[in-house]
>>> print(open('protein16.json').read())   # JSON, C-alpha atoms and all ligand atoms
[["chain", "number", "residue", "atom", "x", "y", "z"],
["A", 1, "MET", "CA", 0.93, -4.43, 9.09],
["A", 2, "SER", "CA", -0.83, -1.36, 7.81],
["A", 3, "VAL", "CA", 0.11, 1.00, 10.63],
["A", 4, "LYS", "CA", 3.18, 1.42, 12.80],
["A", 5, "ILE", "CA", 2.87, 2.95, 16.26],
["A", 6, "ASP", "CA", 5.68, 4.32, 18.46],
["A", 7, "LYS", "CA", 5.46, 6.13, 21.79],
["A", 8, "ARG", "CA", 7.73, 8.86, 23.18],
["A", 9, "GLU", "CA", 7.69, 11.05, 26.28],
["A", 10, "VAL", "CA", 8.19, 14.76, 25.68],
["A", 11, "GLY", "CA", 8.03, 17.01, 28.74],
["A", 12, "GLY", "CA", 5.35, 15.04, 30.58],
["A", 13, "VAL", "CA", 3.32, 14.48, 27.44],
["A", 14, "THR", "CA", 3.15, 11.21, 25.52],
["A", 15, "VAL", "CA", 3.59, 11.60, 21.80],
["A", 16, "VAL", "CA", 2.28, 8.68, 19.78],
["A", 17, "ASP", "CA", 3.77, 8.53, 16.30],
["A", 18, "LEU", "CA", 1.59, 6.75, 13.79],
["A", 19, "SER", "CA", 2.65, 5.92, 10.28],
["A", 20, "GLY", "CA", 0.82, 4.14, 7.52],
["A", 21, "ARG", "CA", -2.89, 3.57, 7.03],
["A", 22, "LEU", "CA", -5.35, 3.83, 9.89],
["A", 23, "THR", "CA", -8.03, 1.47, 8.63],
["A", 24, "LEU", "CA", -10.42, -1.31, 9.59],
["A", 25, "GLY", "CA", -8.79, -4.26, 11.29],
["A", 26, "ASP", "CA", -5.33, -4.46, 12.86],
["A", 27, "ALA", "CA", -4.53, -0.77, 12.60],
["A", 28, "SER", "CA", -7.60, 0.41, 14.48],
["A", 29, "ALA", "CA", -7.12, -2.34, 17.07],
["A", 30, "GLN", "CA", -3.48, -1.39, 17.58],
["A", 31, "LEU", "CA", -4.34, 2.24, 18.22],
["A", 32, "ARG", "CA", -7.00, 1.24, 20.73],
["A", 33, "GLN", "CA", -4.59, -1.02, 22.57],
["A", 34, "THR", "CA", -1.88, 1.64, 22.66],
["A", 35, "LEU", "CA", -4.26, 4.17, 24.19],
["A", 36, "HIS", "CA", -5.51, 1.67, 26.77],
["A", 37, "GLU", "CA", -1.93, 0.88, 27.77],
["A", 38, "LEU", "CA", -1.13, 4.55, 28.21],
["A", 39, "LEU", "CA", -4.21, 5.12, 30.34],
["A", 40, "ASP", "CA", -3.35, 2.07, 32.45],
["A", 41, "GLN", "CA", 0.04, 3.65, 33.12],
["A", 42, "GLY", "CA", -1.68, 6.85, 34.16],
["A", 43, "LYS", "CA", -0.54, 8.73, 31.06],
["A", 44, "LYS", "CA", -3.35, 11.04, 30.16],
["A", 45, "LYS", "CA", -1.73, 13.83, 28.16],
["A", 46, "ILE", "CA", -1.52, 12.37, 24.71],
["A", 47, "VAL", "CA", -0.62, 13.79, 21.32],
["A", 48, "LEU", "CA", -1.25, 11.68, 18.25],
["A", 49, "ASN", "CA", 1.32, 12.65, 15.65],
["A", 50, "LEU", "CA", -0.42, 11.83, 12.36],
["A", 51, "GLY", "CA", 2.32, 13.26, 10.14],
["A", 52, "GLN", "CA", 2.93, 9.91, 8.47],
["A", 53, "VAL", "CA", -0.69, 8.87, 8.15],
["A", 54, "GLY", "CA", -1.87, 9.49, 4.61],
["A", 55, "TYR", "CA", -5.01, 7.40, 4.73],
["A", 56, "ILE", "CA", -7.85, 6.89, 7.19],
["A", 57, "ASP", "CA", -11.17, 5.17, 6.51],
["A", 58, "SER", "CA", -14.45, 5.45, 8.43],
["A", 59, "SER", "CA", -13.29, 2.79, 10.86],
["A", 60, "GLY", "CA", -10.07, 4.72, 11.56],
["A", 61, "LEU", "CA", -12.08, 7.90, 12.08],
["A", 62, "GLY", "CA", -14.31, 6.00, 14.51],
["A", 63, "GLU", "CA", -11.24, 4.78, 16.36],
["A", 64, "LEU", "CA", -9.95, 8.34, 16.72],
["A", 65, "VAL", "CA", -13.29, 9.44, 18.16],
["A", 66, "SER", "CA", -13.36, 6.45, 20.46],
["A", 67, "GLY", "CA", -9.83, 7.23, 21.65],
["A", 68, "PHE", "CA", -10.74, 10.84, 22.25],
["A", 69, "THR", "CA", -13.74, 9.89, 24.37],
["A", 70, "THR", "CA", -11.94, 7.16, 26.29],
["A", 71, "VAL", "CA", -9.05, 9.45, 27.24],
["A", 72, "LYS", "CA", -11.40, 12.26, 28.16],
["A", 73, "ASN", "CA", -13.51, 10.00, 30.37],
["A", 74, "LYS", "CA", -10.34, 9.18, 32.32],
["A", 75, "GLY", "CA", -9.73, 12.87, 32.89],
["A", 76, "GLY", "CA", -7.10, 13.16, 30.17],
["A", 77, "MET", "CA", -6.84, 14.79, 26.78],
["A", 78, "LEU", "CA", -6.06, 13.43, 23.35],
["A", 79, "LYS", "CA", -4.86, 15.98, 20.81],
["A", 80, "LEU", "CA", -3.93, 15.63, 17.16],
["A", 81, "ALA", "CA", -0.90, 17.09, 15.44],
["A", 82, "ASN", "CA", 0.70, 17.25, 12.03],
["A", 83, "LEU", "CA", -2.22, 16.27, 9.82],
["A", 84, "THR", "CA", -1.58, 15.39, 6.20],
["A", 85, "ASP", "CA", -3.80, 17.08, 3.63],
["A", 86, "LYS", "CA", -5.96, 14.01, 3.10],
["A", 87, "VAL", "CA", -6.58, 13.51, 6.80],
["A", 88, "ASN", "CA", -7.22, 17.20, 7.29],
["A", 89, "ASP", "CA", -9.82, 17.05, 4.51],
["A", 90, "LEU", "CA", -11.52, 14.03, 6.11],
["A", 91, "LEU", "CA", -11.77, 15.73, 9.49],
["A", 92, "THR", "CA", -13.11, 18.83, 7.79],
["A", 93, "ILE", "CA", -15.86, 17.20, 5.75],
["A", 94, "THR", "CA", -16.98, 15.02, 8.65],
["A", 95, "LYS", "CA", -16.89, 18.05, 10.98],
["A", 96, "LEU", "CA", -14.64, 16.11, 13.33],
["A", 97, "TYR", "CA", -12.27, 19.08, 13.44],
["A", 98, "THR", "CA", -14.84, 20.59, 15.82],
["A", 99, "VAL", "CA", -14.35, 17.64, 18.18],
["A", 100, "PHE", "CA", -10.56, 17.44, 18.29],
["A", 101, "GLU", "CA", -7.99, 19.96, 19.36],
["A", 102, "ILE", "CA", -5.72, 20.01, 16.33],
["A", 103, "HIS", "CA", -2.21, 21.47, 16.18],
["A", 104, "ASN", "CA", -0.02, 22.18, 13.17],
["A", 105, "ASP", "CA", 3.03, 20.59, 14.74],
["A", 106, "GLU", "CA", 4.09, 18.44, 17.61],
["A", 107, "ASN", "CA", 5.74, 21.22, 19.62],
["A", 108, "THR", "CA", 2.68, 23.40, 19.86],
["A", 109, "ALA", "CA", 0.59, 20.37, 20.71],
["A", 110, "VAL", "CA", 2.95, 19.40, 23.54],
["A", 111, "GLN", "CA", 3.21, 22.95, 24.84],
["A", 112, "SER", "CA", -0.55, 23.37, 24.83],
["A", 113, "PHE", "CA", -0.71, 21.01, 27.81],
["A", 114, "SER", "CA", 1.33, 23.28, 30.07],
["B", 1, "MET", "CA", -25.58, 6.77, -28.85],
["B", 2, "ASP", "CA", -24.53, 5.36, -25.48],
["B", 3, "LYS", "CA", -22.27, 2.55, -26.61],
["B", 4, "PRO", "CA", -22.20, -0.50, -24.35],
["B", 5, "PRO", "CA", -19.79, -0.23, -21.44],
["B", 6, "ARG", "CA", -16.74, -2.38, -20.95],
["B", 7, "ARG", "CA", -17.32, -4.55, -17.92],
["B", 8, "VAL", "CA", -15.07, -6.01, -15.25],
["B", 9, "GLU", "CA", -16.78, -8.30, -12.74],
["B", 10, "LEU", "CA", -15.21, -9.90, -9.71],
["B", 11, "THR", "CA", -16.35, -12.04, -6.82],
["B", 12, "LEU", "CA", -14.65, -11.50, -3.47],
["B", 13, "GLU", "CA", -14.69, -13.56, -0.31],
["B", 14, "SER", "CA", -16.18, -11.96, 2.81],
["B", 15, "ARG", "CA", -12.96, -11.12, 4.63],
["B", 16, "ILE", "CA", -10.93, -8.04, 5.45],
["B", 17, "GLU", "CA", -8.26, -8.82, 2.86],
["B", 18, "SER", "CA", -10.94, -8.56, 0.19],
["B", 19, "VAL", "CA", -11.58, -4.98, 1.22],
["B", 20, "ASP", "CA", -7.96, -3.99, 0.62],
["B", 21, "LEU", "CA", -7.90, -5.95, -2.62],
["B", 22, "GLY", "CA", -11.11, -4.36, -3.89],
["B", 23, "GLU", "CA", -9.81, -0.93, -3.02],
["B", 24, "GLU", "CA", -6.58, -1.55, -4.96],
["B", 25, "LEU", "CA", -8.43, -2.97, -7.96],
["B", 26, "THR", "CA", -10.70, 0.06, -8.01],
["B", 27, "ARG", "CA", -7.72, 2.37, -7.95],
["B", 28, "SER", "CA", -6.26, 0.53, -10.97],
["B", 29, "VAL", "CA", -9.49, 0.55, -12.92],
["B", 30, "ALA", "CA", -10.04, 4.25, -12.19],
["B", 31, "GLY", "CA", -6.47, 4.98, -13.21],
["B", 32, "SER", "CA", -6.83, 2.99, -16.41],
["B", 33, "VAL", "CA", -9.76, 5.11, -17.56],
["B", 34, "GLY", "CA", -7.84, 8.29, -16.82],
["B", 35, "PHE", "CA", -8.94, 9.55, -13.43],
["B", 36, "ASP", "CA", -6.14, 11.47, -11.77],
["B", 37, "GLU", "CA", -4.64, 10.39, -8.47],
["B", 38, "GLY", "CA", -6.92, 12.52, -6.33],
["B", 39, "GLU", "CA", -10.00, 11.04, -8.00],
["B", 40, "GLN", "CA", -8.60, 7.52, -7.83],
["B", 41, "TYR", "CA", -8.26, 8.02, -4.09],
["B", 42, "LYS", "CA", -11.86, 9.18, -3.75],
["B", 43, "ILE", "CA", -13.41, 6.41, -5.85],
["B", 44, "SER", "CA", -11.35, 3.68, -4.24],
["B", 45, "MET", "CA", -12.11, 4.97, -0.74],
["B", 46, "ALA", "CA", -15.83, 5.04, -1.60],
["B", 47, "VAL", "CA", -15.68, 1.48, -2.86],
["B", 48, "ARG", "CA", -13.68, 0.46, 0.21],
["B", 49, "GLU", "CA", -16.46, 1.78, 2.45],
["B", 50, "CYS", "CA", -19.11, -0.12, 0.49],
["B", 51, "LEU", "CA", -17.06, -3.32, 0.64],
["B", 52, "ILE", "CA", -16.70, -2.96, 4.42],
["B", 53, "ASN", "CA", -20.45, -2.47, 4.70],
["B", 54, "ALA", "CA", -21.14, -5.47, 2.47],
["B", 55, "LEU", "CA", -18.84, -7.54, 4.67],
["B", 56, "GLU", "CA", -20.04, -6.27, 8.05],
["B", 57, "HIS", "CA", -23.70, -5.34, 7.63],
["B", 58, "GLY", "CA", -24.66, -7.33, 4.53],
["B", 59, "ASN", "CA", -22.88, -10.65, 4.83],
["B", 60, "ARG", "CA", -22.18, -10.26, 8.56],
["B", 61, "GLY", "CA", -18.70, -11.66, 8.19],
["B", 62, "ASP", "CA", -19.92, -14.99, 6.84],
["B", 63, "ARG", "CA", -17.08, -16.11, 4.58],
["B", 64, "ARG", "CA", -19.32, -18.41, 2.57],
["B", 65, "LYS", "CA", -21.25, -15.40, 1.33],
["B", 66, "PRO", "CA", -19.63, -13.71, -1.66],
["B", 67, "ILE", "CA", -19.33, -10.02, -2.37],
["B", 68, "GLY", "CA", -19.71, -8.94, -5.99],
["B", 69, "LEU", "CA", -17.64, -6.04, -7.30],
["B", 70, "HIS", "CA", -18.74, -4.96, -10.76],
["B", 71, "PHE", "CA", -17.27, -2.17, -12.86],
["B", 72, "ALA", "CA", -18.94, -0.69, -15.91],
["B", 73, "LEU", "CA", -16.68, 1.59, -17.92],
["B", 74, "HIS", "CA", -18.95, 3.92, -19.87],
["B", 75, "PRO", "CA", -17.66, 6.57, -22.25],
["B", 76, "ASP", "CA", -18.67, 9.35, -19.88],
["B", 77, "ARG", "CA", -18.59, 7.70, -16.44],
["B", 78, "LEU", "CA", -17.37, 4.86, -14.29],
["B", 79, "GLU", "CA", -20.01, 2.85, -12.44],
["B", 80, "VAL", "CA", -19.13, 0.49, -9.62],
["B", 81, "GLU", "CA", -21.60, -1.87, -7.97],
["B", 82, "VAL", "CA", -21.04, -3.74, -4.73],
["B", 83, "HIS", "CA", -23.39, -6.67, -4.15],
["B", 84, "ASP", "CA", -23.88, -8.57, -0.93],
["B", 85, "GLN", "CA", -26.20, -11.32, 0.34],
["B", 86, "GLY", "CA", -27.79, -9.28, 3.12],
["B", 87, "PRO", "CA", -31.22, -7.78, 3.72],
["B", 88, "GLY", "CA", -30.44, -4.38, 2.22],
["B", 89, "PHE", "CA", -31.19, -1.04, 3.84],
["B", 90, "ASN", "CA", -32.88, 2.26, 3.32],
["B", 91, "LEU", "CA", -30.37, 4.90, 2.35],
["B", 92, "ALA", "CA", -32.77, 7.73, 3.20],
["B", 93, "ALA", "CA", -32.84, 6.53, 6.81],
["B", 94, "VAL", "CA", -29.08, 6.82, 7.29],
["B", 95, "PRO", "CA", -28.46, 9.91, 9.44],
["B", 96, "ASP", "CA", -26.01, 12.71, 8.73],
["B", 97, "PRO", "CA", -22.97, 12.03, 10.95],
["B", 98, "ARG", "CA", -22.20, 15.76, 11.16],
["B", 99, "GLN", "CA", -25.25, 16.45, 13.30],
["B", 100, "ASP", "CA", -24.44, 17.30, 16.90],
["B", 101, "GLU", "CA", -26.07, 14.18, 18.31],
["B", 102, "HIS", "CA", -24.01, 11.94, 16.00],
["B", 103, "LEU", "CA", -20.70, 13.76, 16.06],
["B", 104, "LEU", "CA", -19.18, 11.71, 18.89],
["B", 105, "LYS", "CA", -20.36, 8.36, 17.57],
["B", 106, "THR", "CA", -17.67, 5.89, 16.65],
["B", 107, "SER", "CA", -19.43, 4.78, 13.49],
["B", 108, "GLY", "CA", -21.83, 6.01, 10.86],
["B", 109, "ARG", "CA", -19.44, 7.93, 8.60],
["B", 110, "GLY", "CA", -18.87, 5.43, 5.78],
["B", 111, "LEU", "CA", -21.78, 6.24, 3.51],
["B", 112, "PHE", "CA", -21.38, 9.93, 4.20],
["B", 113, "LEU", "CA", -17.82, 9.74, 2.83],
["B", 114, "VAL", "CA", -19.10, 7.77, -0.14],
["B", 115, "ARG", "CA", -21.57, 10.54, -0.91],
["B", 116, "CYS", "CA", -18.82, 13.13, -0.70],
["B", 117, "PHE", "CA", -16.51, 11.20, -2.99],
["B", 118, "VAL", "CA", -18.73, 10.11, -5.89],
["B", 119, "ASP", "CA", -21.34, 11.84, -8.05],
["B", 120, "GLU", "CA", -24.18, 9.41, -7.43],
["B", 121, "LEU", "CA", -25.01, 6.81, -4.83],
["B", 122, "ALA", "CA", -27.95, 4.43, -5.15],
["B", 123, "VAL", "CA", -29.04, 1.35, -3.23],
["B", 124, "LYS", "CA", -31.16, -1.45, -4.64],
["B", 125, "CYS", "CA", -32.49, -4.39, -2.73],
["B", 126, "GLY", "CA", -32.77, -7.48, -4.89],
["B", 127, "CYS", "CA", -36.12, -9.28, -4.92],
["B", 128, "ASN", "CA", -34.31, -12.56, -4.24],
["B", 129, "GLY", "CA", -32.39, -10.98, -1.36],
["B", 130, "GLY", "CA", -29.08, -9.19, -1.39],
["B", 131, "ALA", "CA", -28.28, -5.51, -1.52],
["B", 132, "SER", "CA", -26.55, -3.69, -4.29],
["B", 133, "VAL", "CA", -24.90, -0.32, -3.85],
["B", 134, "LYS", "CA", -24.11, 1.56, -7.04],
["B", 135, "LEU", "CA", -21.59, 4.37, -7.27],
["B", 136, "THR", "CA", -21.22, 6.62, -10.28],
["B", 137, "LYS", "CA", -18.26, 8.84, -11.00],
["B", 138, "ARG", "CA", -18.42, 11.00, -14.10],
["B", 139, "TYR", "CA", -15.48, 12.18, -16.11],
["B", 140, "SER", "CA", -15.47, 15.93, -16.00],
["B", 141, "SER", "CA", -13.00, 18.52, -17.06],
["B", 142, "ASN", "CA", -11.73, 19.00, -13.53],
["B", 143, "ASN", "CA", -11.11, 15.36, -12.66],
["B", 144, "ARG", "CA", -10.06, 14.32, -16.08],
["B", 145, "GLY", "CA", -6.48, 13.28, -16.53],
["B", 146, "SER", "CA", -6.59, 11.66, -19.94],
["B", 147, "VAL", "CA", -10.02, 10.11, -20.00],
["B", 148, "GLY", "CA", -11.96, 8.73, -22.92],
["B", 149, "SER", "CA", -10.57, 9.06, -26.41],
["B", 150, "ASN", "CA", -7.05, 9.65, -25.17],
["B", 151, "SER", "CA", -6.86, 6.77, -22.78],
["B", 152, "GLU", "CA", -6.96, 4.09, -25.48],
["B", 153, "LYS", "CA", -4.21, 5.78, -27.40],
["B", 154, "GLU", "CA", -2.02, 6.19, -24.37],
["B", 155, "LYS", "CA", -2.36, 2.61, -23.28],
["B", 156, "ARG", "CA", -1.17, 1.37, -26.63],
["B", 157, "SER", "CA", 1.89, 3.56, -26.81],
["A", 201, "LIG", "N1", -24.60, -3.40, 2.68],
["A", 201, "LIG", "C1", -25.39, -3.07, 3.72],
["A", 201, "LIG", "N2", -26.34, -3.94, 4.17],
["A", 201, "LIG", "C2", -27.14, -3.64, 5.21],
["A", 201, "LIG", "N3", -27.09, -2.46, 5.87],
["A", 201, "LIG", "C3", -26.19, -1.56, 5.48],
["A", 201, "LIG", "C4", -25.30, -1.80, 4.39],
["A", 201, "LIG", "N4", -24.52, -0.70, 4.21],
["A", 201, "LIG", "C5", -24.90, 0.17, 5.15],
["A", 201, "LIG", "N5", -25.90, -0.32, 5.92],
["A", 201, "LIG", "C6", -26.60, 0.36, 7.03],
["A", 201, "LIG", "O1", -26.34, 1.75, 6.94],
["A", 201, "LIG", "C7", -25.71, 2.21, 8.14],
["A", 201, "LIG", "C8", -24.74, 3.32, 7.83],
["A", 201, "LIG", "O2", -23.61, 2.83, 7.13],
["A", 201, "LIG", "P1", -22.24, 3.63, 7.25],
["A", 201, "LIG", "O3", -21.23, 2.94, 6.42],
["A", 201, "LIG", "O4", -22.49, 5.05, 6.96],
["A", 201, "LIG", "O5", -21.88, 3.54, 8.79],
["A", 201, "LIG", "P2", -21.37, 2.28, 9.63],
["A", 201, "LIG", "O6", -20.99, 1.19, 8.69],
["A", 201, "LIG", "O7", -22.41, 1.96, 10.64],
["A", 201, "LIG", "O8", -20.09, 2.86, 10.36],
["A", 201, "LIG", "P3", -18.68, 3.29, 9.69],
["A", 201, "LIG", "O9", -18.83, 3.12, 8.22],
["A", 201, "LIG", "O10", -18.48, 4.71, 10.08],
["A", 201, "LIG", "O11", -17.66, 2.38, 10.27],
["A", 201, "LIG", "C9", -25.09, 0.98, 8.75],
["A", 201, "LIG", "O12", -24.95, 1.10, 10.14],
["A", 201, "LIG", "C10", -26.10, -0.10, 8.38],
["A", 201, "LIG", "O13", -27.20, -0.07, 9.26],
["A", 202, "MG", "MG", -19.64, 1.57, 7.09]]
>>> encode(input="protein16.json", output="structure tokens")
Amino acid sequence: MSVKIDKREVGGVTVVDLSGRLTLGDASAQLRQTLHELLDQGKKKIVLNLGQVGYIDSSGLGELVSGFTTVKNKGGMLKLANLTDKVNDLLTITKLYTVFEIHNDENTAVQSFS
Amino acid sequence: MDKPPRRVELTLESRIESVDLGEELTRSVAGSVGFDEGEQYKISMAVRECLINALEHGNRGDRRKPIGLHFALHPDRLEVEVHDQGPGFNLAAVPDPRQDEHLLKTSGRGLFLVRCFVDELAVKCGCNGGASVKLTKRYSSNNRGSVGSNSEKEKRS
């Protein structure tokens, strides 16, 4: 499996830890399913901790955008934290950093919801 | 003066595993001609995107249709071609995903990344059908680990 996904609750916010490669296929599908599950449970404050994600392809980027829109349409918010250099570069060149709220670390991301 | 390139040519099945395999092979080939890790990442990601496109848009997931992955190792550059059996497309018509109206789209970033990560990108549509996307990455002083004359020596030692 190219990506591993774990969920935690931190002060009313769901932190989703991803590790591995967020790429076409299983990884993108897993992220989508995780977000749908959270929304079904009414969890709408979500931080994606990307600290262990060193690789994303165009499909993974698309999945992030899709997740952002889906959560937002349900009245929630999806924020990103802990970007590795490669992922930060990808969001910069694609201008997606203007779409997402991005935090340097998990704590600030969680606190930004309160 | 341009001596003939060394060539490595592979045929891949149209399936997701081929995309990962092609990406890994590209990383190895790029490493073997001396590109540093950062450049290996860029070239292999660019090839990955072209392989995904060949699979999804070109061959439309039809496993019977092969994808060609051809490397030409020139003294001054690495060329990689990805061939599929599809109708081809017009590169000039592919929009810039950074424009406001495209920013929230969930696709349309692959070729943009390719452009960012290689020196040249060209698309040919074969007269007998099939598209071919050619990527060129030049060895330059800033991406050069031990390219060219050194690489042969190093491999032997
Ligand atoms: N090999 C190909 N054969 C036919 N059409 C292609 C091919 N490669 C790209 N295209 C066309 O160019 C468009 C842009 O490709 P690009 O890779 O940038 O985005 P995408 O594949 O649609 O989405 P993403 O790569 O972000 O997942 C595609 O939607 C498709 O119409
Ligand atoms: Mg694509």
>>> residues_near_ligand(input="protein16.json", ligand="ligand MG 202 (chain A)", cutoff="8 Å", atoms="all atoms listed in the file", output="list in words")
Ser58 and Ser59 of chain A; Glu49, Cys50, Ile52, Asn53, Glu56, Ser107, Gly108, Arg109, Gly110 and Leu111 of chain B
>>> closest_residue(input="protein16.json", among="A:Gly62, A:Gly75, A:Gly54, A:Gly12", to="ligand LIG 201 (chain A)", atoms="all atoms listed in the file")
A:Gly62
>>> axis_aligned_box(input="protein16.json", around="ligand LIG 201 (chain A)", padding_each_side="4 Å", output="lines of an AutoDock Vina configuration file")
center_x = -22.4
center_y = 0.6
center_z = 6.7
size_x = 17.5
size_y = 17.0
size_z = 16.0
>>> interface_residues(input="protein16.json", of="chain B", to="chain A", cutoff="12 Å", atoms="only C-alpha atoms", output="JSON, numbers by chain")
{"B": [15, 16, 17, 18, 19, 20, 23, 38, 41, 42, 44, 45, 46, 47, 48, 49, 50, 51, 52, 53, 55, 56, 96, 97, 98, 99, 100, 102, 103, 104, 105, 106, 107, 108, 109, 110, 111, 112, 113, 114, 115, 116, 117]}
>>> closest_residue(input="protein16.json", among="A:His36, A:Arg8, A:His103, A:Lys45", to="Leu83 in chain A", atoms="all atoms listed in the file")
A:His103
>>> atom_distance(input="protein16.json", atom1="CA of Ile43 in chain B", atom2="CA of Thr26 in chain B")
7.2 Å
>>> atom_distance(input="protein16.json", atom1="atom P2 of ligand LIG 201 (chain A)", atom2="CA of Gly51 in chain A")
26.1 Å
>>> residues_around(input="protein16.json", residues="Gln41 in chain A", least_positions_apart="6", cutoff="12 Å", atoms="only C-alpha atoms", output="PyMOL selection string")
chain A and resi 14+34-35+74
>>> atom_distance(input="protein16.json", atom1="CA of Ala122 in chain B", atom2="CA of Lys134 in chain B")
5.2 Å
>>> closest_residue(input="protein16.json", among="A:Asn88, A:Gln33, A:Asn49, A:Ser112", to="Gly11 in chain A", atoms="all atoms listed in the file")
A:Ser112
>>> closest_residue(input="protein16.json", among="B:Ala72, B:Ala54, B:Val133, B:Val33", to="ligand LIG 201 (chain A)", atoms="only C-alpha atoms and all ligand atoms")
B:Ala54
>>> closest_residue(input="protein16.json", among="B:Pro75, B:Pro4, B:Gly22, B:Gly68", to="Ser140 in chain B", atoms="all atoms listed in the file")
B:Pro75
>>> residues_around(input="protein16.json", residues="range 85-87 of chain B", least_positions_apart="5", cutoff="8 Å", atoms="only C-alpha atoms", output="list in words")
Ala54, His57, Gly58, Asn59, Arg60, Lys65, Pro66, Ile67, Cys125, Gly129, Gly130 and Ala131 of chain B
>>> build_atoms(input="protein16.json", residues="range 80-94 of chain B", atoms="N, CA and C atoms", output="PDB file, keeping the file's coordinate frame")
ATOM      1  N   VAL B  80     -19.606   1.635 -10.406  1.00  0.00           N
ATOM      2  CA  VAL B  80     -19.130   0.490  -9.620  1.00  0.00           C
ATOM      3  C   VAL B  80     -20.290   0.004  -8.765  1.00  0.00           C
ATOM      4  N   GLU B  81     -20.550  -1.303  -8.824  1.00  0.00           N
ATOM      5  CA  GLU B  81     -21.600  -1.870  -7.970  1.00  0.00           C
ATOM      6  C   GLU B  81     -21.008  -2.868  -7.003  1.00  0.00           C
ATOM      7  N   VAL B  82     -21.453  -2.782  -5.760  1.00  0.00           N
ATOM      8  CA  VAL B  82     -21.040  -3.740  -4.730  1.00  0.00           C
ATOM      9  C   VAL B  82     -22.281  -4.510  -4.290  1.00  0.00           C
ATOM     10  N   HIS B  83     -22.240  -5.817  -4.491  1.00  0.00           N
ATOM     11  CA  HIS B  83     -23.390  -6.670  -4.150  1.00  0.00           C
ATOM     12  C   HIS B  83     -23.078  -7.507  -2.919  1.00  0.00           C
ATOM     13  N   ASP B  84     -24.058  -7.628  -2.041  1.00  0.00           N
ATOM     14  CA  ASP B  84     -23.880  -8.570  -0.930  1.00  0.00           C
ATOM     15  C   ASP B  84     -25.110  -9.461  -0.811  1.00  0.00           C
ATOM     16  N   GLN B  85     -25.116 -10.346   0.178  1.00  0.00           N
ATOM     17  CA  GLN B  85     -26.200 -11.320   0.340  1.00  0.00           C
ATOM     18  C   GLN B  85     -27.110 -10.945   1.504  1.00  0.00           C
ATOM     19  N   GLY B  86     -27.046  -9.692   1.934  1.00  0.00           N
ATOM     20  CA  GLY B  86     -27.790  -9.280   3.120  1.00  0.00           C
ATOM     21  C   GLY B  86     -29.183  -8.764   2.819  1.00  0.00           C
ATOM     22  N   PRO B  87     -29.836  -8.206   3.836  1.00  0.00           N
ATOM     23  CA  PRO B  87     -31.220  -7.780   3.720  1.00  0.00           C
ATOM     24  C   PRO B  87     -31.407  -6.417   3.040  1.00  0.00           C
ATOM     25  N   GLY B  88     -30.314  -5.721   2.791  1.00  0.00           N
ATOM     26  CA  GLY B  88     -30.440  -4.380   2.220  1.00  0.00           C
ATOM     27  C   GLY B  88     -30.773  -3.353   3.279  1.00  0.00           C
ATOM     28  N   PHE B  89     -30.906  -2.101   2.881  1.00  0.00           N
ATOM     29  CA  PHE B  89     -31.190  -1.040   3.840  1.00  0.00           C
ATOM     30  C   PHE B  89     -31.730   0.169   3.108  1.00  0.00           C
ATOM     31  N   ASN B  90     -32.269   1.065   3.888  1.00  0.00           N
ATOM     32  CA  ASN B  90     -32.880   2.260   3.320  1.00  0.00           C
ATOM     33  C   ASN B  90     -31.916   3.438   3.465  1.00  0.00           C
ATOM     34  N   LEU B  91     -31.384   3.852   2.342  1.00  0.00           N
ATOM     35  CA  LEU B  91     -30.370   4.900   2.350  1.00  0.00           C
ATOM     36  C   LEU B  91     -30.891   6.199   2.968  1.00  0.00           C
ATOM     37  N   ALA B  92     -32.180   6.478   2.701  1.00  0.00           N
ATOM     38  CA  ALA B  92     -32.770   7.730   3.200  1.00  0.00           C
ATOM     39  C   ALA B  92     -32.803   7.765   4.735  1.00  0.00           C
ATOM     40  N   ALA B  93     -32.756   6.586   5.342  1.00  0.00           N
ATOM     41  CA  ALA B  93     -32.840   6.530   6.810  1.00  0.00           C
ATOM     42  C   ALA B  93     -31.483   6.655   7.492  1.00  0.00           C
ATOM     43  N   VAL B  94     -30.419   6.712   6.702  1.00  0.00           N
ATOM     44  CA  VAL B  94     -29.080   6.820   7.290  1.00  0.00           C
ATOM     45  C   VAL B  94     -28.830   8.277   7.702  1.00  0.00           C
TER      46      VAL B  94
END
